[in-house]
$ cat final33.tsv   # TSV, C-alpha atoms and all ligand atoms
chain	number	residue	atom	x	y	z
A	1	MET	CA	14.89	-12.07	-10.61
A	2	LEU	CA	16.43	-10.58	-7.49
A	3	ARG	CA	13.55	-12.03	-5.55
A	4	ARG	CA	14.24	-15.46	-6.92
A	5	LEU	CA	17.84	-15.14	-5.87
A	6	GLY	CA	16.68	-14.35	-2.38
A	7	LEU	CA	18.29	-10.94	-2.41
A	8	LEU	CA	15.10	-8.97	-2.31
A	9	ASP	CA	12.14	-9.77	-0.14
A	10	PHE	CA	8.80	-8.04	-0.26
A	11	ASN	CA	5.04	-8.45	-0.02
A	12	PHE	CA	4.23	-5.32	-2.02
A	13	LEU	CA	5.78	-3.32	-4.82
A	14	VAL	CA	4.60	0.11	-5.93
A	15	LYS	CA	2.89	0.45	-9.26
A	16	ARG	CA	2.21	4.01	-10.41
A	17	VAL	CA	-1.13	4.68	-12.01
A	18	ALA	CA	-2.75	7.90	-13.24
A	19	ARG	CA	-6.19	7.46	-11.80
A	20	HIS	CA	-8.04	5.77	-8.97
A	21	PRO	CA	-8.68	2.14	-9.90
A	22	GLY	CA	-12.34	2.30	-8.90
A	23	LYS	CA	-13.50	-1.26	-8.36
A	24	THR	CA	-10.70	-2.82	-10.35
A	25	GLU	CA	-9.21	-5.81	-8.62
A	26	ILE	CA	-5.65	-5.01	-7.60
A	27	PRO	CA	-3.36	-8.04	-7.84
A	28	ALA	CA	-1.86	-9.28	-4.60
A	29	GLY	CA	1.64	-7.94	-4.23
A	30	GLU	CA	0.92	-4.57	-5.82
A	31	LEU	CA	0.32	-1.27	-4.11
A	32	TRP	CA	-1.09	1.16	-6.62
A	33	LEU	CA	0.05	4.71	-6.15
A	34	VAL	CA	-2.36	7.10	-7.84
A	35	ILE	CA	-0.41	10.13	-9.06
A	36	ASP	CA	-2.45	12.84	-10.70
A	37	GLY	CA	-0.75	15.98	-11.97
A	38	GLY	CA	2.45	15.05	-10.14
A	39	VAL	CA	0.62	14.80	-6.82
A	40	LYS	CA	0.26	11.56	-4.88
A	41	LYS	CA	-3.46	11.16	-4.27
A	42	TRP	CA	-4.22	7.61	-3.20
A	43	ALA	CA	-2.55	4.37	-2.27
A	44	CYS	CA	-4.69	1.36	-3.15
A	45	LEU	CA	-4.21	-2.31	-2.37
A	46	SER	CA	-6.18	-5.48	-1.86
A	47	CYS	CA	-6.52	-6.34	1.80
A	48	PRO	CA	-3.83	-8.91	2.66
A	49	GLY	CA	-5.80	-10.19	5.65
A	50	GLY	CA	-7.84	-12.66	3.64
A	51	CYS	CA	-10.99	-10.74	2.69
A	52	GLY	CA	-9.35	-9.16	-0.36
A	53	VAL	CA	-11.45	-6.01	-0.17
A	54	GLN	CA	-9.89	-2.99	-1.82
A	55	ILE	CA	-8.33	-0.54	0.60
A	56	SER	CA	-7.91	3.07	-0.55
A	57	LEU	CA	-5.69	5.28	1.56
A	58	SER	CA	-5.96	9.03	1.06
A	59	LEU	CA	-2.60	10.75	0.68
A	60	ASN	CA	-4.19	14.20	0.55
A	61	PRO	CA	-2.59	16.25	3.34
A	62	GLU	CA	-5.79	18.23	3.72
A	63	ARG	CA	-7.93	15.24	4.55
A	64	ARG	CA	-8.15	13.08	7.63
A	65	PRO	CA	-7.26	10.36	7.97
A	66	ARG	CA	-4.26	10.54	5.71
A	67	TRP	CA	-1.26	8.35	5.04
A	68	GLU	CA	2.20	8.80	3.66
A	69	VAL	CA	3.89	6.43	1.24
A	70	ASP	CA	7.61	6.34	0.65
A	71	GLN	CA	9.38	3.92	-1.59
A	72	ASP	CA	12.90	2.68	-1.77
A	73	PHE	CA	15.15	2.04	-4.75
A	74	TRP	CA	13.42	-1.30	-5.40
A	75	GLN	CA	9.94	0.32	-5.37
A	76	ARG	CA	9.11	-1.26	-2.04
A	77	PRO	CA	6.59	0.93	-0.24
A	78	THR	CA	6.66	2.09	3.35
A	79	VAL	CA	3.26	3.31	4.52
A	80	SER	CA	2.59	5.29	7.65
A	81	PRO	CA	0.71	5.23	9.88
A	82	SER	CA	-0.55	1.63	10.10
A	83	ILE	CA	-3.52	0.36	8.11
A	84	HIS	CA	-6.52	-0.81	10.05
A	85	GLN	CA	-9.13	-2.43	7.87
A	86	GLN	CA	-12.36	-1.65	9.70
A	87	LYS	CA	-15.05	-3.38	7.68
A	88	MET	CA	-14.37	-6.93	6.65
A	89	CYS	CA	-11.63	-8.96	8.30
A	90	ARG	CA	-10.61	-6.05	10.59
A	91	CYS	CA	-6.95	-6.75	10.13
A	92	HIS	CA	-4.37	-4.25	11.27
A	93	PHE	CA	-0.93	-4.10	9.75
A	94	TRP	CA	2.04	-1.98	8.81
A	95	ILE	CA	3.84	-1.93	5.50
A	96	ARG	CA	7.58	-1.39	5.90
A	97	LYS	CA	9.92	-1.67	2.93
A	98	GLY	CA	7.29	-3.69	1.11
A	99	MET	CA	6.81	-6.14	3.97
A	100	ILE	CA	3.62	-6.67	5.94
A	101	LEU	CA	4.03	-6.45	9.68
A	102	TRP	CA	0.91	-7.61	11.49
A	103	SER	CA	-0.29	-5.73	14.49
A	104	LYS	CA	-1.62	-7.70	17.43
A	105	THR	CA	-4.44	-5.24	18.12
B	201	ZN	ZN	-9.25	-8.04	4.97

$ encode --input "final33.tsv" --output "structure tokens"
Amino acid sequence: MLRRLGLLDFNFLVKRVARHPGKTEIPAGELWLVIDGGVKKWACLSCPGGCGVQISLSLNPERRPRWEVDQDFWQRPTVSPSIHQQKMCRCHFWIRKGMILWSKT
């Protein structure tokens, strides 16, 4: 609704789920935040670079690499650091307030 009115712009919105999606296909435009026992465990999305492969980002502070996901009032995620998809299309991007920012490297 807000999007249609042009008031809210985003490529991704957060959807909270209770367990890792496994091989489930994640719809474009959704970033699945896996929250288990109140703890953020994973952020999962389909690669926006064209290959569509599922990307799982560990949010576990005790693992490396790890990422952090924040979200704003509209559920738009900000992910840090950047996401570098190493296997398929090798795209490299940031997600800021739900928007994809492509890296040139
Ligand atoms: Zn890709």

$ residues_near_ligand --input "final33.tsv" --ligand "ligand ZN 201 (chain B)" --cutoff "9 Å" --atoms "only C-alpha atoms and all ligand atoms" --output "VMD selection string"
chain A and resid 46 to 55 85 to 92

$ write_last_selection --input "final33.tsv" --atoms "C-alpha atoms" --output "PDB file, in the frame of the given file"
ATOM      1  CA  SER A  46      -6.180  -5.480  -1.860  1.00  0.00           C
ATOM      2  CA  CYS A  47      -6.520  -6.340   1.800  1.00  0.00           C
ATOM      3  CA  PRO A  48      -3.830  -8.910   2.660  1.00  0.00           C
ATOM      4  CA  GLY A  49      -5.800 -10.190   5.650  1.00  0.00           C
ATOM      5  CA  GLY A  50      -7.840 -12.660   3.640  1.00  0.00           C
ATOM      6  CA  CYS A  51     -10.990 -10.740   2.690  1.00  0.00           C
ATOM      7  CA  GLY A  52      -9.350  -9.160  -0.360  1.00  0.00           C
ATOM      8  CA  VAL A  53     -11.450  -6.010  -0.170  1.00  0.00           C
ATOM      9  CA  GLN A  54      -9.890  -2.990  -1.820  1.00  0.00           C
ATOM     10  CA  ILE A  55      -8.330  -0.540   0.600  1.00  0.00           C
ATOM     11  CA  GLN A  85      -9.130  -2.430   7.870  1.00  0.00           C
ATOM     12  CA  GLN A  86     -12.360  -1.650   9.700  1.00  0.00           C
ATOM     13  CA  LYS A  87     -15.050  -3.380   7.680  1.00  0.00           C
ATOM     14  CA  MET A  88     -14.370  -6.930   6.650  1.00  0.00           C
ATOM     15  CA  CYS A  89     -11.630  -8.960   8.300  1.00  0.00           C
ATOM     16  CA  ARG A  90     -10.610  -6.050  10.590  1.00  0.00           C
ATOM     17  CA  CYS A  91      -6.950  -6.750  10.130  1.00  0.00           C
ATOM     18  CA  HIS A  92      -4.370  -4.250  11.270  1.00  0.00           C
TER      19      HIS A  92
END

$ residues_around --input "final33.tsv" --residues "Ser56 (chain A)" --least-positions-apart "4" --cutoff "7 Å" --atoms "all atoms listed in the file" --output "PyMOL selection string"
chain A and resi 42-45

$ write_last_selection --input "final33.tsv" --atoms "C-alpha atoms" --output "compact mmCIF listing (two decimals), keeping the file's coordinate frame"
# COMPACT_ATOMS: atom_id res chain seq x y z
CA TRP A 42 -4.22 7.61 -3.20
CA ALA A 43 -2.55 4.37 -2.27
CA CYS A 44 -4.69 1.36 -3.15
CA LEU A 45 -4.21 -2.31 -2.37

$ residues_around --input "final33.tsv" --residues "Pro77 (chain A)" --least-positions-apart "4" --cutoff "9 Å" --atoms "only C-alpha atoms" --output "MDAnalysis selection string"
chainID A and resid 12:14 31 69:72 95:99

$ closest_residue --input "final33.tsv" --among "A:Val34, A:Ala18, A:Ile26, A:Leu101" --to "Asn60 (chain A)" --atoms "all atoms listed in the file"
A:Val34

$ atom_distance --input "final33.tsv" --atom1 "CA of Ser80 (chain A)" --atom2 "CA of Glu68 (chain A)"
5.3 Å

$ atom_distance --input "final33.tsv" --atom1 "CA of Arg64 (chain A)" --atom2 "CA of Pro27 (chain A)"
26.6 Å

$ residues_around --input "final33.tsv" --residues "Pro61 (chain A)" --least-positions-apart "4" --cutoff "12 Å" --atoms "only C-alpha atoms" --output "PDB file with C-alpha atoms, in the coordinates of the input"
ATOM      1  CA  VAL A  39       0.620  14.800  -6.820  1.00  0.00           C
ATOM      2  CA  LYS A  40       0.260  11.560  -4.880  1.00  0.00           C
ATOM      3  CA  LYS A  41      -3.460  11.160  -4.270  1.00  0.00           C
ATOM      4  CA  TRP A  42      -4.220   7.610  -3.200  1.00  0.00           C
ATOM      5  CA  LEU A  57      -5.690   5.280   1.560  1.00  0.00           C
ATOM      6  CA  PRO A  65      -7.260  10.360   7.970  1.00  0.00           C
ATOM      7  CA  ARG A  66      -4.260  10.540   5.710  1.00  0.00           C
ATOM      8  CA  TRP A  67      -1.260   8.350   5.040  1.00  0.00           C
ATOM      9  CA  GLU A  68       2.200   8.800   3.660  1.00  0.00           C
ATOM     10  CA  VAL A  69       3.890   6.430   1.240  1.00  0.00           C
TER      11      VAL A  69
END

$ closest_residue --input "final33.tsv" --among "A:Ser103, A:Thr24, A:Ser58, A:Thr78" --to "Phe10 (chain A)" --atoms "all atoms listed in the file"
A:Thr78

$ atom_distance --input "final33.tsv" --atom1 "CA of Phe93 (chain A)" --atom2 "CA of Gln75 (chain A)"
19.1 Å

$ closest_residue --input "final33.tsv" --among "A:Trp102, A:Trp74, A:Trp94, A:Trp32" --to "His20 (chain A)" --atoms "only C-alpha atoms"
A:Trp32
